[in-house]
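Q: Next up is a structure, given as structure tokens.
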Amino acid sequence: MSLLILGIESSCDETGVALVRAPGDGAVPVLLSHALHSQIEMHRAYGGVVPELASRDHIRRVLPLTEHVLGEAGQSLSQVDVVAFTRGPGLAGALLVGAGVACAMAAALDKPVLGVHHLEGHLLSPFLSADPPEFPFVALLVSGGHTQLMRVDGVGRYAILGETIDDAAGEAFDKSAKLMGLPYPGGPVLSRLAEGGDAQAFKLPRPLLHSGDLDFSFAGLKTAVLTQAKKLGADLQARKADLAASTQAAIVEVLVKKTLAALQQTGMRRVVVAGGVGANRLLREQLNAACAKRQLRVHYPELHLCTDNGAMIAMAAAMRLQAGRETAQKHYAFDVKPRWPLDSLA
Ligand code: KG4
Ligand code: ZN
């Protein structure tokens with residue numbers, strides 16, 4: 001029996017809602033519609049996400065977005081079979097909005113509900129692309145809060161090969177951007193500015209590049225960017241694009257080299273990139289080139305599904321249900337998990 005799954009994402013600064021159809025024969029689930037409201041404009045004045053404002057805005061957006069996706073897919077709420085929501089990790093208050101709405105909706109409809117791991121959503125989002133991967137693969141998970149290399153043998157079968165010991169890659173982009181006086185969210189702004197800069201202009205560290213393991217560290221890079229920015233003083237404005245390009249090159253080089261090392265170590269021939277930083281053009285270019293040279297396959301989510309969205313949450317729910325890893329239950333007493341390691345999933 002096919003299932004119509006409503007997915008709700010509210011872990012940080014994006015409210016995302018989507019409808020996915022999971023065919024009963026185990027075929028790849030299909031995205032019927034999705035809608036997103038980004039809070040970037042609202043948080044920009046503060047230079048970063050204000051958790052309380054985020055929660056309040058999720059409350060305002062989630063029902064109109066739900067009506068929108070139902071309308072677009074030509075479905076009614078009563079046709080929804082399972083309501084899925086992001087249970088964690090993320091901001092506690094923001095997660096509670098999605099969890100509360102999902103459970104209330106499911107209770108009113110007398111339908112089961114399913115809490116989804118946000119990073120599993122990112123990890124499985126490439127299955128919604130025109131070129132979906134096959135298990136097993138190495139995953140490079142690069143978001144604002146996480147940087148991990150994982151071995152993925154199937155749905156719910158995740159082993160961490162390496163991860164950051166301090167800042168995440170997205171955080172390195174965001175914090176470096178802030179030090180250069182760029183507006184929030186730093187990652188995309190910095191990478192756009194970098195397009196017109198010289199990546200060789202400044203010598204910045206490649207932390208843990210030769211550490212021999214698959215861990216990352218980006219805190220030192222941020223300090224080096226700060227030192228350069230201070231040294232430049234009044235010249236920073238004129239050299240901003242060069243500093244942005246040099247910073248981006250340092251982050252991307254470490255990500256690409258460690259990913260290749262993970263592929264070599266595991267003997268796998270396929271890599272999946274997921275999370276917001278997966279939208280970075282230089283990362284895609286360099287990883288594509290490195291993988292083509294070695295006849296390795298690389299998969300990405302569609303560009304618009306790299307950052308947070310509801311589609312990946314509905315998709316992860318669909319794939320967990322199909323794989324028999326989960327049974328959705330009519331259990332409406334909810335909790336959220338602001339901290340939740342991905343490899344604790346089964
Ligand atoms: O996955 P995501 O939307 O949210 C989290 O789960 O954290 O990732 C957001 C992160 C931010 O740090 C943002 O700056 C970064 O992804 N990001 C980028 C780009 N687009 C988003 N970083 C570099 N280049 C981009 N084009
Ligand atoms: Zn995310």
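Chain labels run A, B, ... following the order of the structure tokens; each chain numbers its residues from 1, and ligands are numbered from 1 in the order shown.
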For Met319 of chain A, find every residue with an atom within 9 Å (counting only C-alpha atoms), except residues of its own chain fewer than 6 positions away, and show them as a PyMOL selection string.

A: chain A and resi 22+26+28-29+124+155+325

Q: Can you work out which residues are within 10 Å of ligand 1, considering only C-alpha atoms and all ligand atoms, and then hand them over as a PyMOL selection string?

A: chain A and resi 11-14+89-90+118-119+121-122+141-147+168-175+177+184-192+248+251-252+274-284+303-309

Q: Restrict the selected residues to C-alpha atoms and save them as a CSV table (one decimal), in the first residue's frame.

A:
chain,number,residue,atom,x,y,z
A,11,SER,CA,14.9,22.7,13.5
A,12,CYS,CA,16.6,26.1,12.8
A,13,ASP,CA,15.8,29.1,10.6
A,14,GLU,CA,13.8,27.5,7.9
A,89,PRO,CA,19.1,17.9,16.4
A,90,GLY,CA,18.4,21.6,16.4
A,118,HIS,CA,17.5,16.1,10.7
A,119,LEU,CA,20.9,14.8,9.5
A,121,GLY,CA,17.1,13.9,6.2
A,122,HIS,CA,20.2,15.6,4.7
A,141,LEU,CA,27.8,15.7,5.7
A,142,VAL,CA,28.5,19.4,5.7
A,143,SER,CA,26.0,21.6,7.4
A,144,GLY,CA,26.1,24.6,9.7
A,145,GLY,CA,26.4,22.5,12.8
A,146,HIS,CA,28.0,19.3,11.6
A,147,THR,CA,30.9,18.1,9.5
A,168,ALA,CA,31.7,22.7,11.4
A,169,ALA,CA,32.5,23.6,7.8
A,170,GLY,CA,29.4,25.8,7.5
A,171,GLU,CA,30.4,27.5,10.8
A,172,ALA,CA,33.9,28.1,9.3
A,173,PHE,CA,32.2,29.8,6.3
A,174,ASP,CA,29.8,31.8,8.5
A,175,LYS,CA,32.3,32.9,11.2
A,177,ALA,CA,32.4,35.8,6.7
A,184,TYR,CA,24.5,36.6,7.7
A,185,PRO,CA,24.3,33.9,6.4
A,186,GLY,CA,28.0,34.1,5.7
A,187,GLY,CA,28.5,30.9,3.6
A,188,PRO,CA,26.7,31.8,0.4
A,189,VAL,CA,27.7,35.4,0.7
A,190,LEU,CA,31.4,34.6,1.1
A,191,SER,CA,31.3,32.1,-1.7
A,192,ARG,CA,29.7,34.6,-4.1
A,248,GLN,CA,36.9,29.1,0.7
A,251,ILE,CA,37.9,24.8,3.5
A,252,VAL,CA,37.2,23.1,0.2
A,274,ALA,CA,24.7,16.5,1.8
A,275,GLY,CA,24.0,19.6,3.9
A,276,GLY,CA,24.1,23.3,3.3
A,277,VAL,CA,27.8,23.5,2.3
A,278,GLY,CA,27.0,20.9,-0.4
A,279,ALA,CA,25.6,23.9,-2.3
A,280,ASN,CA,29.1,25.4,-2.6
A,281,ARG,CA,30.2,25.7,-6.2
A,282,LEU,CA,33.9,25.3,-5.7
A,283,LEU,CA,33.3,22.2,-3.5
A,284,ARG,CA,31.2,20.6,-6.3
A,303,LEU,CA,20.7,22.5,-5.3
A,304,HIS,CA,17.5,23.9,-3.7
A,305,LEU,CA,17.4,20.8,-1.4
A,306,CYS,CA,20.9,21.2,0.0
A,307,THR,CA,19.9,23.6,2.8
A,308,ASP,CA,17.1,22.8,5.2
A,309,ASN,CA,13.7,21.8,3.8

Q: Taking the chain letters and numbering used in this document, name the residues of segment 38-253 of chain A that DSSP puts in strand (DSSP E), as an MDAnalysis selection string.

A: chainID A and resid 38 82:88 113:117 137:142 147:154 157:163

Q: Mind pulling up the distance from atom CA of Gln264 of chain A to atom CA of Leu214 of chain A?

A: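 Separation of atom CA of Leu214 of chain A and atom CA of Gln264 of chain A: 11.2 Å.
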
Q: Given only C-alpha atoms as the basis, pick out the residue of A:Val97, A:Val273, A:Val17, A:Ala45 nearest to Pro133 of chain A.

A: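 The shortest atom-to-atom distance to Pro133 of chain A comes from A:Val273.
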
Q: May I have the residues within 9 Å of Gly196 of chain A as a CSV table (one decimal) with N, CA and C atoms, in the first residue's frame, using only C-alpha atoms and disregarding those fewer than 3 positions away in the same chain?

A:
chain,number,residue,atom,x,y,z
A,192,ARG,N,30.0,33.7,-2.9
A,192,ARG,CA,29.7,34.6,-4.1
A,192,ARG,C,30.8,35.6,-4.2
A,193,LEU,N,31.2,36.2,-3.1
A,193,LEU,CA,32.3,37.2,-3.2
A,193,LEU,C,33.6,36.6,-3.7
A,241,ALA,N,37.6,40.2,-1.5
A,241,ALA,CA,37.3,39.1,-2.4
A,241,ALA,C,38.4,38.1,-2.4
A,242,ASP,N,39.7,38.6,-2.3
A,242,ASP,CA,40.8,37.7,-2.2
A,242,ASP,C,40.8,36.9,-0.9
A,245,ALA,N,38.2,34.3,-1.2
A,245,ALA,CA,38.6,33.2,-2.1
A,245,ALA,C,39.6,32.3,-1.4

Q: For segment 330-337 of chain A, please output as number ranges by chain all residues within 10 Å (counting only C-alpha atoms; exclusion window: fewer than 4 positions along the same chain).

A: A: 11, 82, 85-100, 102-107, 110-117, 341

Q: When you count only C-alpha atoms and all ligand atoms, which of these residues is closest to ligand 2: A:Gly310, A:Lys257, A:Asp81, A:Leu232?

A: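 Closest residue, counting only C-alpha atoms and all ligand atoms: A:Gly310.
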